[in-house]
file target_26.tsv (TSV, C-alpha atoms and all ligand atoms)
chain	number	residue	atom	x	y	z
A	21	MET	CA	4.41	23.35	13.68
A	22	GLU	CA	4.50	25.06	17.02
A	23	ILE	CA	5.26	22.85	20.01
A	24	LYS	CA	3.56	24.26	23.09
A	25	TYR	CA	3.47	21.11	25.18
A	26	LYS	CA	6.21	19.82	27.47
A	27	THR	CA	7.82	16.40	27.51
A	28	ILE	CA	8.06	14.32	30.69
A	29	GLU	CA	11.80	15.03	30.72
A	30	GLU	CA	11.03	18.68	31.45
A	31	VAL	CA	9.15	17.82	34.66
A	32	GLY	CA	11.26	17.45	37.83
A	33	SER	CA	9.10	14.94	39.66
A	34	PHE	CA	5.72	13.25	39.43
A	35	GLU	CA	5.87	12.24	43.08
A	36	GLY	CA	2.62	10.59	44.07
A	37	LYS	CA	0.88	11.66	40.86
A	38	ARG	CA	-1.36	9.20	39.01
A	39	ILE	CA	-0.27	9.16	35.35
A	40	LEU	CA	-2.51	7.94	32.56
A	41	LEU	CA	0.10	6.68	30.10
A	42	ARG	CA	-1.20	6.14	26.54
A	43	LEU	CA	1.07	3.65	24.81
A	44	ASP	CA	0.69	2.13	21.35
A	45	VAL	CA	0.62	-1.57	22.24
A	46	ASN	CA	-0.91	-2.47	18.88
A	47	VAL	CA	1.63	-5.10	17.83
A	48	PRO	CA	1.43	-8.27	15.72
A	49	VAL	CA	0.28	-11.34	17.68
A	50	LYS	CA	0.62	-14.95	16.52
A	51	ASP	CA	-0.25	-18.11	18.44
A	52	GLY	CA	-0.82	-16.06	21.58
A	53	ARG	CA	2.58	-14.33	21.44
A	54	ILE	CA	3.84	-10.91	20.40
A	55	ILE	CA	6.02	-11.52	17.35
A	56	GLU	CA	7.37	-8.00	16.83
A	57	ASP	CA	7.92	-5.68	19.80
A	58	PHE	CA	9.75	-2.68	18.31
A	59	ARG	CA	7.32	0.02	19.46
A	60	LEU	CA	6.75	-1.61	22.85
A	61	LYS	CA	10.47	-1.83	23.62
A	62	LYS	CA	10.92	1.78	22.56
A	63	SER	CA	8.40	2.93	25.19
A	64	PHE	CA	10.36	1.35	28.06
A	65	THR	CA	12.49	4.50	28.50
A	66	THR	CA	9.36	6.48	29.29
A	67	ILE	CA	8.01	3.83	31.68
A	68	ASN	CA	11.35	3.75	33.50
A	69	LEU	CA	11.61	7.53	33.71
A	70	LEU	CA	8.07	7.82	35.11
A	71	ARG	CA	8.96	5.21	37.75
A	72	GLU	CA	12.13	7.14	38.62
A	73	LYS	CA	10.02	10.28	38.96
A	74	LYS	CA	7.85	8.38	41.46
A	75	ALA	CA	4.66	8.32	39.41
A	76	LYS	CA	1.79	5.86	39.85
A	77	ILE	CA	1.41	4.51	36.32
A	78	ILE	CA	-1.84	3.51	34.59
A	79	ILE	CA	-1.09	2.16	31.10
A	80	ILE	CA	-3.82	2.36	28.46
A	81	GLY	CA	-3.63	1.11	24.89
A	82	HIS	CA	-5.45	-0.66	22.06
A	83	LEU	CA	-4.90	-3.85	20.09
A	84	GLU	CA	-6.36	-4.76	16.71
A	85	SER	CA	-5.69	-8.46	16.30
A	86	LYS	CA	-7.57	-11.30	14.60
A	87	GLU	CA	-6.51	-13.57	17.48
A	88	THR	CA	-7.61	-11.62	20.52
A	89	LYS	CA	-9.43	-8.55	21.75
A	90	SER	CA	-7.73	-8.57	25.16
A	91	LEU	CA	-4.51	-6.91	26.27
A	92	GLU	CA	-3.66	-10.01	28.29
A	93	VAL	CA	-1.04	-10.86	25.68
A	94	VAL	CA	0.55	-7.43	26.25
A	95	TYR	CA	0.40	-7.99	30.02
A	96	ARG	CA	2.23	-11.35	29.65
A	97	TYR	CA	4.91	-9.58	27.60
A	98	LEU	CA	5.30	-6.56	29.91
A	99	LYS	CA	5.61	-8.63	33.07
A	100	ASN	CA	8.89	-10.02	31.74
A	101	TYR	CA	10.28	-6.51	32.16
A	102	PHE	CA	8.22	-4.73	34.84
A	103	ALA	CA	6.17	-5.56	37.93
A	104	VAL	CA	2.77	-4.85	36.41
A	105	THR	CA	-0.82	-5.76	37.34
A	106	PHE	CA	-3.50	-6.34	34.71
A	107	VAL	CA	-7.04	-5.07	35.43
A	108	PRO	CA	-9.08	-6.71	32.66
A	109	SER	CA	-12.41	-4.87	32.97
A	110	PRO	CA	-14.05	-5.00	29.54
A	111	LEU	CA	-15.42	-1.45	29.68
A	112	VAL	CA	-11.88	-0.30	30.60
A	113	VAL	CA	-13.13	1.93	33.44
A	114	ASP	CA	-15.35	0.55	36.22
A	115	ASP	CA	-15.30	0.24	40.03
A	116	THR	CA	-12.69	-2.54	39.96
A	117	VAL	CA	-10.38	-0.28	37.96
A	118	LYS	CA	-11.08	2.69	40.26
A	119	HIS	CA	-10.14	0.61	43.31
A	120	ALA	CA	-6.97	-0.67	41.62
A	121	VAL	CA	-5.97	2.93	40.91
A	122	GLU	CA	-6.68	3.96	44.53
A	123	ASP	CA	-4.38	1.18	45.74
A	124	LEU	CA	-1.47	2.18	43.47
A	125	GLU	CA	1.81	3.05	45.21
A	126	GLU	CA	4.56	5.26	43.77
A	127	GLY	CA	6.47	3.47	41.01
A	128	GLU	CA	3.77	0.80	40.57
A	129	ILE	CA	2.16	0.00	37.22
A	130	ILE	CA	-1.27	-1.24	36.21
A	131	LEU	CA	-2.43	-2.09	32.70
A	132	LEU	CA	-6.08	-1.57	31.74
A	133	GLU	CA	-8.02	-3.55	29.12
A	134	ASN	CA	-8.05	-2.83	25.35
A	135	LEU	CA	-9.48	0.68	24.95
A	136	ARG	CA	-11.33	-0.38	21.80
A	137	GLN	CA	-13.50	-2.76	23.84
A	138	ASN	CA	-15.29	0.40	24.97
A	139	PRO	CA	-17.26	1.90	22.04
A	140	GLY	CA	-16.53	5.37	23.44
A	141	GLU	CA	-12.86	5.13	22.44
A	142	MET	CA	-13.22	5.21	18.66
A	143	ALA	CA	-16.34	7.39	18.84
A	144	ASN	CA	-14.25	9.90	20.82
A	145	SER	CA	-17.07	10.07	23.36
A	146	VAL	CA	-16.85	12.91	25.86
A	147	ASP	CA	-18.13	10.65	28.63
A	148	PHE	CA	-15.47	8.01	28.03
A	149	ALA	CA	-12.71	10.63	27.81
A	150	LYS	CA	-13.91	12.09	31.13
A	151	GLU	CA	-14.07	8.62	32.74
A	152	LEU	CA	-10.49	7.90	31.68
A	153	ALA	CA	-9.31	11.34	32.79
A	154	SER	CA	-11.00	10.91	36.20
A	155	LEU	CA	-8.57	8.06	36.96
A	156	ALA	CA	-5.47	10.27	36.88
A	157	ASP	CA	-3.80	13.59	37.70
A	158	VAL	CA	-1.70	13.77	34.54
A	159	TYR	CA	-1.87	12.41	30.97
A	160	VAL	CA	1.19	11.31	29.00
A	161	ASN	CA	0.99	10.48	25.30
A	162	GLU	CA	3.66	7.94	24.34
A	163	GLY	CA	1.55	6.66	21.43
A	164	PHE	CA	2.81	8.79	18.53
A	165	SER	CA	1.97	5.94	16.14
A	166	VAL	CA	-1.75	6.17	16.98
A	167	SER	CA	-1.85	9.96	17.32
A	168	HIS	CA	-3.40	10.35	13.85
A	169	ARG	CA	-6.64	8.97	15.33
A	170	ASN	CA	-9.32	11.26	16.74
A	171	HIS	CA	-9.99	8.82	19.54
A	172	ALA	CA	-10.95	9.51	23.16
A	173	SER	CA	-7.61	8.41	24.62
A	174	ILE	CA	-5.67	10.58	22.14
A	175	VAL	CA	-7.61	13.81	21.72
A	176	GLY	CA	-10.34	13.59	24.39
A	177	VAL	CA	-8.41	12.94	27.62
A	178	PRO	CA	-5.90	15.82	27.20
A	179	MET	CA	-8.80	18.28	27.28
A	180	TYR	CA	-9.22	17.47	30.97
A	181	LEU	CA	-5.72	16.83	32.33
A	182	PRO	CA	-2.31	18.54	32.32
A	183	SER	CA	-0.58	16.62	29.53
A	184	TYR	CA	2.93	15.78	28.38
A	185	SER	CA	4.58	13.84	25.61
A	186	GLY	CA	6.62	10.72	26.21
A	187	ILE	CA	10.25	10.39	25.13
A	188	LEU	CA	9.63	8.28	22.01
A	189	PHE	CA	6.74	10.54	20.99
A	190	GLN	CA	9.06	13.53	21.10
A	191	GLU	CA	11.83	11.72	19.23
A	192	GLU	CA	9.33	10.91	16.46
A	193	VAL	CA	8.27	14.57	16.21
A	194	VAL	CA	11.85	15.87	16.14
A	195	LYS	CA	13.38	13.28	13.78
A	196	LEU	CA	10.46	13.14	11.33
A	197	SER	CA	10.44	16.95	11.22
A	198	GLN	CA	13.98	16.82	9.85
A	199	CYS	CA	12.46	15.45	6.62
A	200	PHE	CA	11.06	18.96	5.98
A	201	THR	CA	14.53	20.55	5.93
A	202	PRO	CA	16.81	17.65	4.94
A	203	ALA	CA	20.44	17.58	3.86
A	204	LYS	CA	20.65	17.50	0.05
A	205	PRO	CA	20.60	15.60	-2.23
A	206	PHE	CA	17.46	14.08	-0.74
A	207	THR	CA	15.72	10.99	-2.11
A	208	PHE	CA	12.23	10.02	-0.96
A	209	ILE	CA	11.28	6.39	-1.65
A	210	LEU	CA	7.63	5.49	-1.29
A	211	GLY	CA	6.34	1.95	-1.80
A	212	GLY	CA	3.36	-0.13	-0.78
A	213	ALA	CA	-0.15	0.47	-2.07
A	214	LYS	CA	-3.02	2.99	-1.94
A	215	PHE	CA	-2.53	6.41	-3.44
A	216	ASP	CA	-5.75	7.14	-1.53
A	217	THR	CA	-3.64	7.83	1.58
A	218	LYS	CA	-0.30	8.64	-0.03
A	219	LEU	CA	-1.08	11.21	-2.74
A	220	PRO	CA	-0.73	14.30	-0.49
A	221	LEU	CA	2.62	13.00	0.64
A	222	VAL	CA	3.93	12.56	-2.90
A	223	LYS	CA	2.76	16.05	-3.85
A	224	LYS	CA	4.39	17.59	-0.79
A	225	PHE	CA	7.72	15.81	-1.19
A	226	LEU	CA	7.97	16.70	-4.86
A	227	THR	CA	8.47	20.24	-3.53
A	228	ILE	CA	11.14	19.19	-0.97
A	229	ALA	CA	13.07	16.18	-2.33
A	230	ASP	CA	15.46	15.96	-5.28
A	231	HIS	CA	14.05	12.58	-6.31
A	232	VAL	CA	10.74	10.92	-5.47
A	233	TYR	CA	10.92	7.20	-6.23
A	234	ILE	CA	7.46	5.66	-6.47
A	235	GLY	CA	7.53	1.88	-6.14
A	236	GLY	CA	5.25	-0.94	-5.02
A	237	ALA	CA	1.67	-1.03	-6.26
A	238	LEU	CA	1.68	2.80	-6.36
A	239	ALA	CA	3.82	2.56	-9.50
A	240	ASN	CA	1.02	0.62	-11.24
A	241	ASP	CA	-1.26	3.66	-10.99
A	242	CYS	CA	1.50	5.78	-12.55
A	243	TYR	CA	2.05	3.32	-15.44
A	244	LYS	CA	-1.70	3.35	-16.04
A	245	GLN	CA	-1.73	7.14	-16.08
A	246	LYS	CA	1.03	6.95	-18.70
A	247	GLY	CA	-1.31	4.86	-20.84
A	248	LEU	CA	0.58	1.58	-20.30
A	249	ASN	CA	-1.12	-1.79	-19.91
A	250	VAL	CA	-0.94	-2.95	-16.27
A	251	GLY	CA	-2.76	-6.25	-16.90
A	252	VAL	CA	-4.39	-7.51	-13.70
A	253	SER	CA	-2.09	-5.61	-11.33
A	254	LEU	CA	-3.27	-4.04	-8.08
A	255	LEU	CA	-4.45	-0.43	-8.46
A	256	SER	CA	-5.67	2.19	-5.97
A	257	THR	CA	-9.41	2.07	-5.34
A	258	THR	CA	-9.86	5.61	-6.67
A	259	ALA	CA	-8.49	6.59	-10.08
A	260	PHE	CA	-6.57	9.80	-9.34
A	261	ASP	CA	-5.23	12.28	-11.86
A	262	LEU	CA	-1.49	11.63	-11.56
A	263	LYS	CA	-0.50	13.64	-14.66
A	264	ASP	CA	1.46	16.27	-12.71
A	265	ILE	CA	3.25	13.57	-10.77
A	266	ILE	CA	4.39	11.46	-13.71
A	267	GLU	CA	5.42	14.57	-15.66
A	268	ASP	CA	7.53	15.94	-12.81
A	269	SER	CA	11.22	15.45	-13.58
A	270	LYS	CA	11.83	14.47	-9.94
A	271	THR	CA	9.56	11.42	-10.19
A	272	VAL	CA	11.30	8.09	-10.74
A	273	LEU	CA	9.42	4.84	-11.42
A	274	PRO	CA	10.78	1.27	-11.52
A	275	SER	CA	12.38	0.78	-14.95
A	276	ASP	CA	11.62	-2.95	-14.98
A	277	VAL	CA	9.08	-5.10	-13.16
A	278	VAL	CA	8.57	-8.69	-12.01
A	279	VAL	CA	5.28	-10.06	-13.33
A	280	LYS	CA	3.32	-13.25	-12.72
A	281	ASN	CA	1.20	-14.80	-15.43
A	282	GLY	CA	-0.40	-18.07	-14.33
A	283	GLU	CA	2.51	-19.91	-12.73
A	284	GLU	CA	5.13	-18.14	-14.82
A	285	ILE	CA	7.22	-15.38	-13.28
A	286	SER	CA	9.31	-13.08	-15.49
A	287	VAL	CA	11.02	-9.69	-15.63
A	288	LYS	CA	9.63	-7.20	-18.14
A	289	LEU	CA	9.85	-3.56	-19.11
A	290	PRO	CA	6.74	-1.69	-17.94
A	291	SER	CA	5.84	-1.21	-21.61
A	292	GLU	CA	5.82	-5.01	-22.20
A	293	VAL	CA	3.19	-5.90	-19.56
A	294	SER	CA	0.32	-7.88	-21.11
A	295	ASP	CA	-3.39	-8.37	-20.28
A	296	GLN	CA	-2.91	-11.38	-17.98
A	297	ASP	CA	0.26	-10.13	-16.22
A	298	LYS	CA	0.24	-9.09	-12.57
A	299	ILE	CA	3.06	-6.76	-11.53
A	300	LEU	CA	4.36	-7.97	-8.16
A	301	ASP	CA	7.80	-6.43	-7.70
A	302	ALA	CA	10.54	-4.17	-9.01
A	303	GLY	CA	13.07	-5.78	-11.37
A	304	PRO	CA	16.89	-6.02	-11.09
A	305	LYS	CA	17.55	-2.90	-13.18
A	306	SER	CA	15.27	-0.90	-10.89
A	307	VAL	CA	17.32	-2.06	-7.92
A	308	GLU	CA	20.49	-0.78	-9.60
A	309	ASP	CA	18.77	2.55	-10.42
A	310	LEU	CA	17.88	2.85	-6.74
A	311	ARG	CA	21.42	2.01	-5.67
A	312	LYS	CA	22.70	4.92	-7.73
A	313	LEU	CA	20.12	7.32	-6.29
A	314	VAL	CA	20.72	6.20	-2.70
A	315	ASN	CA	24.50	6.37	-3.02
A	316	GLU	CA	24.28	9.92	-4.37
A	317	SER	CA	21.98	11.03	-1.53
A	318	LYS	CA	22.86	12.64	1.77
A	319	PHE	CA	19.35	12.11	3.11
A	320	VAL	CA	16.92	9.27	2.39
A	321	LEU	CA	13.32	8.91	3.55
A	322	TRP	CA	11.79	5.47	2.93
A	323	ASN	CA	8.33	4.07	3.60
A	324	GLY	CA	6.77	0.95	2.10
A	325	PRO	CA	8.00	-2.17	0.27
A	326	LEU	CA	8.82	-2.34	-3.45
A	327	GLY	CA	6.98	-5.62	-3.99
A	328	ASN	CA	4.27	-7.89	-2.70
A	329	TYR	CA	6.34	-8.69	0.35
A	330	GLU	CA	3.83	-10.89	2.16
A	331	ASN	CA	3.70	-13.30	-0.76
A	332	GLY	CA	7.42	-13.70	-1.08
A	333	PHE	CA	8.24	-10.92	-3.53
A	334	LYS	CA	10.80	-9.40	-1.21
A	335	GLN	CA	14.31	-9.55	-2.61
A	336	PRO	CA	14.39	-6.02	-4.12
A	337	THR	CA	13.03	-4.59	-0.84
A	338	ILE	CA	15.73	-6.45	1.10
A	339	GLU	CA	18.36	-5.10	-1.31
A	340	LEU	CA	16.97	-1.59	-0.80
A	341	ALA	CA	17.12	-1.89	3.01
A	342	LYS	CA	20.71	-3.11	2.85
A	343	MET	CA	21.86	-0.45	0.40
A	344	ILE	CA	20.37	2.34	2.52
A	345	ALA	CA	22.01	0.90	5.64
A	346	GLU	CA	25.39	0.77	3.91
A	347	SER	CA	25.13	4.10	2.06
A	348	GLY	CA	26.11	6.45	4.88
A	349	ALA	CA	23.12	8.67	4.04
A	350	GLN	CA	21.11	10.04	6.93
A	351	ALA	CA	18.11	7.72	6.66
A	352	VAL	CA	14.62	7.95	8.13
A	353	LEU	CA	12.43	4.87	7.70
A	354	GLY	CA	9.01	3.76	8.77
A	355	GLY	CA	5.85	1.79	8.12
A	356	GLY	CA	4.84	-1.68	9.27
A	357	ASP	CA	6.16	-3.57	6.23
A	358	THR	CA	9.41	-1.58	6.12
A	359	LEU	CA	9.94	-2.36	9.80
A	360	ALA	CA	9.24	-6.06	9.16
A	361	VAL	CA	12.02	-6.11	6.53
A	362	ILE	CA	14.66	-4.45	8.66
A	363	SER	CA	13.79	-6.45	11.78
A	364	GLU	CA	14.08	-9.66	9.75
A	365	LEU	CA	17.54	-8.49	8.66
A	366	GLN	CA	18.29	-7.31	12.23
A	367	ILE	CA	19.62	-3.97	10.98
A	368	GLU	CA	17.32	-1.62	12.93
A	369	ASP	CA	20.32	0.17	14.46
A	370	LYS	CA	21.95	0.93	11.08
A	371	PHE	CA	19.71	3.91	10.33
A	372	TYR	CA	19.50	7.46	11.63
A	373	PHE	CA	15.88	6.93	12.68
A	374	VAL	CA	13.37	4.11	12.38
A	375	SER	CA	9.87	5.36	13.12
A	376	SER	CA	7.57	3.20	15.22
A	377	ALA	CA	4.64	4.54	13.20
A	378	GLY	CA	2.80	3.53	10.03
A	379	GLY	CA	-0.25	5.63	9.18
A	380	ALA	CA	0.72	8.30	11.72
A	381	MET	CA	4.13	8.72	10.07
A	382	LEU	CA	2.50	9.29	6.67
A	383	ASP	CA	-0.03	11.75	8.12
A	384	PHE	CA	2.64	13.63	10.04
A	385	LEU	CA	4.88	13.89	6.97
A	386	ALA	CA	1.95	15.14	4.88
A	387	ASN	CA	0.50	17.61	7.41
A	388	GLU	CA	3.43	18.42	9.72
A	389	THR	CA	1.19	17.75	12.72
A	390	LEU	CA	-1.27	15.17	14.08
A	391	PRO	CA	-4.51	15.38	16.11
A	392	GLY	CA	-2.63	13.97	19.13
A	393	ILE	CA	0.00	16.73	18.90
A	394	GLU	CA	-2.64	19.45	18.64
A	395	ALA	CA	-4.45	17.97	21.64
A	396	LEU	CA	-1.27	18.13	23.77
A	397	ASN	CA	-0.77	21.73	22.66
A	398	LYS	CA	-4.25	22.69	23.83
A	399	ALA	CA	-4.23	20.75	27.13
A	400	PRO	CA	-4.68	22.63	30.42
A	401	LYS	CA	-1.43	23.67	32.10
A	402	ALA	CA	-0.34	21.94	35.31
A	501	LIG	C1	-0.91	1.46	14.09
A	501	LIG	O1	-0.62	0.28	14.32
A	501	LIG	O2	-0.59	2.05	13.04
A	501	LIG	C2	-1.62	2.23	15.15
A	501	LIG	O3	-1.70	1.51	16.33
A	501	LIG	C3	-2.99	2.64	14.68
A	501	LIG	O4	-3.75	1.51	14.55
A	501	LIG	P1	-5.15	1.56	13.79
A	501	LIG	O5	-4.83	1.67	12.33
A	501	LIG	O6	-5.84	0.28	14.16
A	501	LIG	O7	-5.88	2.77	14.27

call {"tool": "encode", "arguments": {"input": "target_26.tsv", "output": "structure tokens"}}
result
Amino acid sequence: MEIKYKTIEEVGSFEGKRILLRLDVNVPVKDGRIIEDFRLKKSFTTINLLREKKAKIIIIGHLESKETKSLEVVYRYLKNYFAVTFVPSPLVVDDTVKHAVEDLEEGEIILLENLRQNPGEMANSVDFAKELASLADVYVNEGFSVSHRNHASIVGVPMYLPSYSGILFQEEVVKLSQCFTPAKPFTFILGGAKFDTKLPLVKKFLTIADHVYIGGALANDCYKQKGLNVGVSLLSTTAFDLKDIIEDSKTVLPSDVVVKNGEEISVKLPSEVSDQDKILDAGPKSVEDLRKLVNESKFVLWNGPLGNYENGFKQPTIELAKMIAESGAQAVLGGGDTLAVISELQIEDKFYFVSSAGGAMLDFLANETLPGIEALNKAPKA
């Protein structure tokens, strides 16, 4: 991938310039509070640098939460760290917002309302992109984790403004790119569900990695392809042809599984699963197989849990997180559930790089670029 855009670090000063700063503020909210702030905290370096460079900062972002459609919860969080004003206009851009922008002084910050309250955001409407762009002199994308979306604030706005990447955005691009030319031996561990989104990634990394460990519900599809009974286990919505994958000598599947049948939970070989069994986790032998692979590796890439983490099937995933942290391998991790595990264990700083992205990480690893990166590349020069 060719990087044609500049980062904000390469610009001497933004003195007096109005900056439209796209953050990914899409974080889990419970009982009116942000319960996991990893990606928000990581964007503070960019906010601070823009303030140092005397910019007038207009933060835009989206939130998908069952509890609320407003970014007020993000405002309440941010004001613990920065002097910030919230302008909660539901269409995101209106006269109130325009006046608030006119009044901005150097180093000041305003936060606009949830972009997805305006239908133009997800529709990537030209009008909405132009309205957003009209608020500022410069666009900065610090939302790598939403840069797989063809939305107005990601791909539309940079058509109309000189554009730069934020610091975290750039770190994501550089560190995730290292997965394409890793130190060897290299083990790629992929868990979670849905081959629908992960198949291209598996195919690609079978050509790069020494071992591709397929865990989580993805393994169920592979057992099925092998002709094994998977009982009532979760499968991908589409039945893919996984023949090449299961026959590849680099592919490793869990050698034992935890199954639930009624109220009974037991460990079985994949070949012993019966009609009423539901596979919910990797078994203890699988954990030891993984330990061996991880300890032999110089580079590990991990995304997605080994079991049904939300429902308490988490011990093997916890073991995996700990063994990677202790292995000394250069490790790159990512994905919402993976992040939840390592934040619970408070070991975020034990890895070479923890991505703030979920879907965007998978898309970047599969395609080596994202719509948001391409949009920065094509943006008008300052
Ligand atoms: C994420 O949380 O992965 C990003 O913010 C993208 O969110 P979305 O899946 O709602 O587009």

call {"tool": "closest_residue", "arguments": {"input": "target_26.tsv", "among": "A:Gly81, A:Gly247, A:Gly211, A:Pro325", "to": "ligand LIG 501 (chain A)", "atoms": "all atoms listed in the file"}}
result
A:Gly81

call {"tool": "residues_near_ligand", "arguments": {"input": "target_26.tsv", "ligand": "ligand LIG 501 (chain A)", "cutoff": "6 Å", "atoms": "only C-alpha atoms and all ligand atoms", "output": "number ranges by chain"}}
result
A: 44, 46, 84, 165-166, 377-379

call {"tool": "residues_around", "arguments": {"input": "target_26.tsv", "residues": "A:Glu141", "least_positions_apart": "3", "cutoff": "12 Å", "atoms": "only C-alpha atoms", "output": "PyMOL selection string"}}
result
chain A and resi 80-82+111-113+133-138+144-152+169-177

call {"tool": "residues_around", "arguments": {"input": "target_26.tsv", "residues": "A:Pro182", "least_positions_apart": "4", "cutoff": "7 Å", "atoms": "all atoms listed in the file", "output": "ChimeraX atom specification"}}
result
/A:158-159,178,399-402

call {"tool": "closest_residue", "arguments": {"input": "target_26.tsv", "among": "A:Val160, A:Leu155, A:Val94, A:Val194", "to": "A:Phe384", "atoms": "all atoms listed in the file"}}
result
A:Val194

call {"tool": "axis_aligned_box", "arguments": {"input": "target_26.tsv", "around": "stretch 66-82 of chain A", "padding_each_side": "5 Å", "output": "AutoDock Vina command-line options"}}
result
--center_x 3.3 --center_y 4.8 --center_z 31.8 --size_x 27.6 --size_y 20.9 --size_z 29.4

call {"tool": "atom_distance", "arguments": {"input": "target_26.tsv", "atom1": "atom CA of A:Leu310", "atom2": "atom CA of A:Gly251"}}
result
24.7 Å

call {"tool": "atom_distance", "arguments": {"input": "target_26.tsv", "atom1": "atom CA of A:Ser375", "atom2": "atom CA of A:Gly354"}}
result
4.7 Å

call {"tool": "residues_around", "arguments": {"input": "target_26.tsv", "residues": "stretch 283-295 of chain A", "least_positions_apart": "6", "cutoff": "8 Å", "atoms": "all atoms listed in the file", "output": "number ranges by chain"}}
result
A: 243, 248-252, 275-277, 303

call {"tool": "write_last_selection", "arguments": {"input": "target_26.tsv", "atoms": "C-alpha atoms", "output": "compact mmCIF listing (two decimals), keeping the file's coordinate frame"}}
result
# COMPACT_ATOMS: atom_id res chain seq x y z
CA TYR A 243 2.05 3.32 -15.44
CA LEU A 248 0.58 1.58 -20.30
CA ASN A 249 -1.12 -1.79 -19.91
CA VAL A 250 -0.94 -2.95 -16.27
CA GLY A 251 -2.76 -6.25 -16.90
CA VAL A 252 -4.39 -7.51 -13.70
CA SER A 275 12.38 0.78 -14.95
CA ASP A 276 11.62 -2.95 -14.98
CA VAL A 277 9.08 -5.10 -13.16
CA GLY A 303 13.07 -5.78 -11.37

call {"tool": "residues_around", "arguments": {"input": "target_26.tsv", "residues": "stretch 328-332 of chain A", "least_positions_apart": "3", "cutoff": "8 Å", "atoms": "all atoms listed in the file", "output": "short mmCIF file (atom, residue, chain, number, x, y, z; two decimals) with C-alpha atoms, keeping the file's coordinate frame"}}
result
data_model
loop_
_atom_site.label_atom_id
_atom_site.label_comp_id
_atom_site.auth_asym_id
_atom_site.auth_seq_id
_atom_site.Cartn_x
_atom_site.Cartn_y
_atom_site.Cartn_z
CA GLY A 236 5.25 -0.94 -5.02
CA LEU A 300 4.36 -7.97 -8.16
CA ASP A 301 7.80 -6.43 -7.70
CA PRO A 325 8.00 -2.17 0.27
CA THR A 337 13.03 -4.59 -0.84
CA ASP A 357 6.16 -3.57 6.23
#

call {"tool": "residues_around", "arguments": {"input": "target_26.tsv", "residues": "A:Ser376", "least_positions_apart": "3", "cutoff": "9 Å", "atoms": "only C-alpha atoms", "output": "ChimeraX atom specification"}}
result
/A:58-59,62,164-165,188,192,354-356,359,381

call {"tool": "write_last_selection", "arguments": {"input": "target_26.tsv", "atoms": "C-alpha atoms", "output": "CSV table (one decimal), in the coordinates of the input"}}
result
chain,number,residue,atom,x,y,z
A,58,PHE,CA,9.8,-2.7,18.3
A,59,ARG,CA,7.3,0.0,19.5
A,62,LYS,CA,10.9,1.8,22.6
A,164,PHE,CA,2.8,8.8,18.5
A,165,SER,CA,2.0,5.9,16.1
A,188,LEU,CA,9.6,8.3,22.0
A,192,GLU,CA,9.3,10.9,16.5
A,354,GLY,CA,9.0,3.8,8.8
A,355,GLY,CA,5.8,1.8,8.1
A,356,GLY,CA,4.8,-1.7,9.3
A,359,LEU,CA,9.9,-2.4,9.8
A,381,MET,CA,4.1,8.7,10.1

call {"tool": "closest_residue", "arguments": {"input": "target_26.tsv", "among": "A:Cys199, A:Val374, A:Leu131, A:Leu238", "to": "A:Lys318", "atoms": "all atoms listed in the file"}}
result
A:Cys199

call {"tool": "closest_residue", "arguments": {"input": "target_26.tsv", "among": "A:Gly324, A:Pro274, A:Gly36, A:Pro304", "to": "A:Leu124", "atoms": "only C-alpha atoms"}}
result
A:Gly36

call {"tool": "closest_residue", "arguments": {"input": "target_26.tsv", "among": "A:Glu92, A:Glu56, A:Glu72, A:Asp268", "to": "A:Pro110", "atoms": "all atoms listed in the file"}}
result
A:Glu92

call {"tool": "decode", "arguments": {"input": "target_26.tsv", "residues": "stretch 58-66 of chain A", "atoms": "N, CA and C atoms", "output": "PDB file, in the first residue's frame"}}
result
ATOM      1  N   PHE A  58     -10.479   2.254  25.914  1.00  0.00           N
ATOM      2  CA  PHE A  58      -9.182   2.039  25.277  1.00  0.00           C
ATOM      3  C   PHE A  58      -8.958   2.959  24.069  1.00  0.00           C
ATOM      4  N   ARG A  59      -9.907   2.936  23.127  1.00  0.00           N
ATOM      5  CA  ARG A  59      -9.664   3.713  21.892  1.00  0.00           C
ATOM      6  C   ARG A  59      -9.792   5.221  22.140  1.00  0.00           C
ATOM      7  N   LEU A  60     -10.617   5.599  23.094  1.00  0.00           N
ATOM      8  CA  LEU A  60     -10.738   7.028  23.407  1.00  0.00           C
ATOM      9  C   LEU A  60      -9.434   7.547  23.994  1.00  0.00           C
ATOM     10  N   LYS A  61      -8.928   6.820  24.990  1.00  0.00           N
ATOM     11  CA  LYS A  61      -7.676   7.240  25.654  1.00  0.00           C
ATOM     12  C   LYS A  61      -6.542   7.355  24.647  1.00  0.00           C
ATOM     13  N   LYS A  62      -6.525   6.383  23.697  1.00  0.00           N
ATOM     14  CA  LYS A  62      -5.436   6.374  22.723  1.00  0.00           C
ATOM     15  C   LYS A  62      -5.477   7.578  21.782  1.00  0.00           C
ATOM     16  N   SER A  63      -6.635   8.244  21.689  1.00  0.00           N
ATOM     17  CA  SER A  63      -6.705   9.408  20.780  1.00  0.00           C
ATOM     18  C   SER A  63      -6.309  10.705  21.490  1.00  0.00           C
ATOM     19  N   PHE A  64      -6.035  10.634  22.782  1.00  0.00           N
ATOM     20  CA  PHE A  64      -5.680  11.854  23.528  1.00  0.00           C
ATOM     21  C   PHE A  64      -4.388  12.490  23.005  1.00  0.00           C
ATOM     22  N   THR A  65      -3.434  11.655  22.560  1.00  0.00           N
ATOM     23  CA  THR A  65      -2.156  12.202  22.064  1.00  0.00           C
ATOM     24  C   THR A  65      -2.415  13.137  20.891  1.00  0.00           C
ATOM     25  N   THR A  66      -3.321  12.727  20.020  1.00  0.00           N
ATOM     26  CA  THR A  66      -3.645  13.562  18.859  1.00  0.00           C
ATOM     27  C   THR A  66      -4.352  14.845  19.287  1.00  0.00           C
TER      28      THR A  66
END
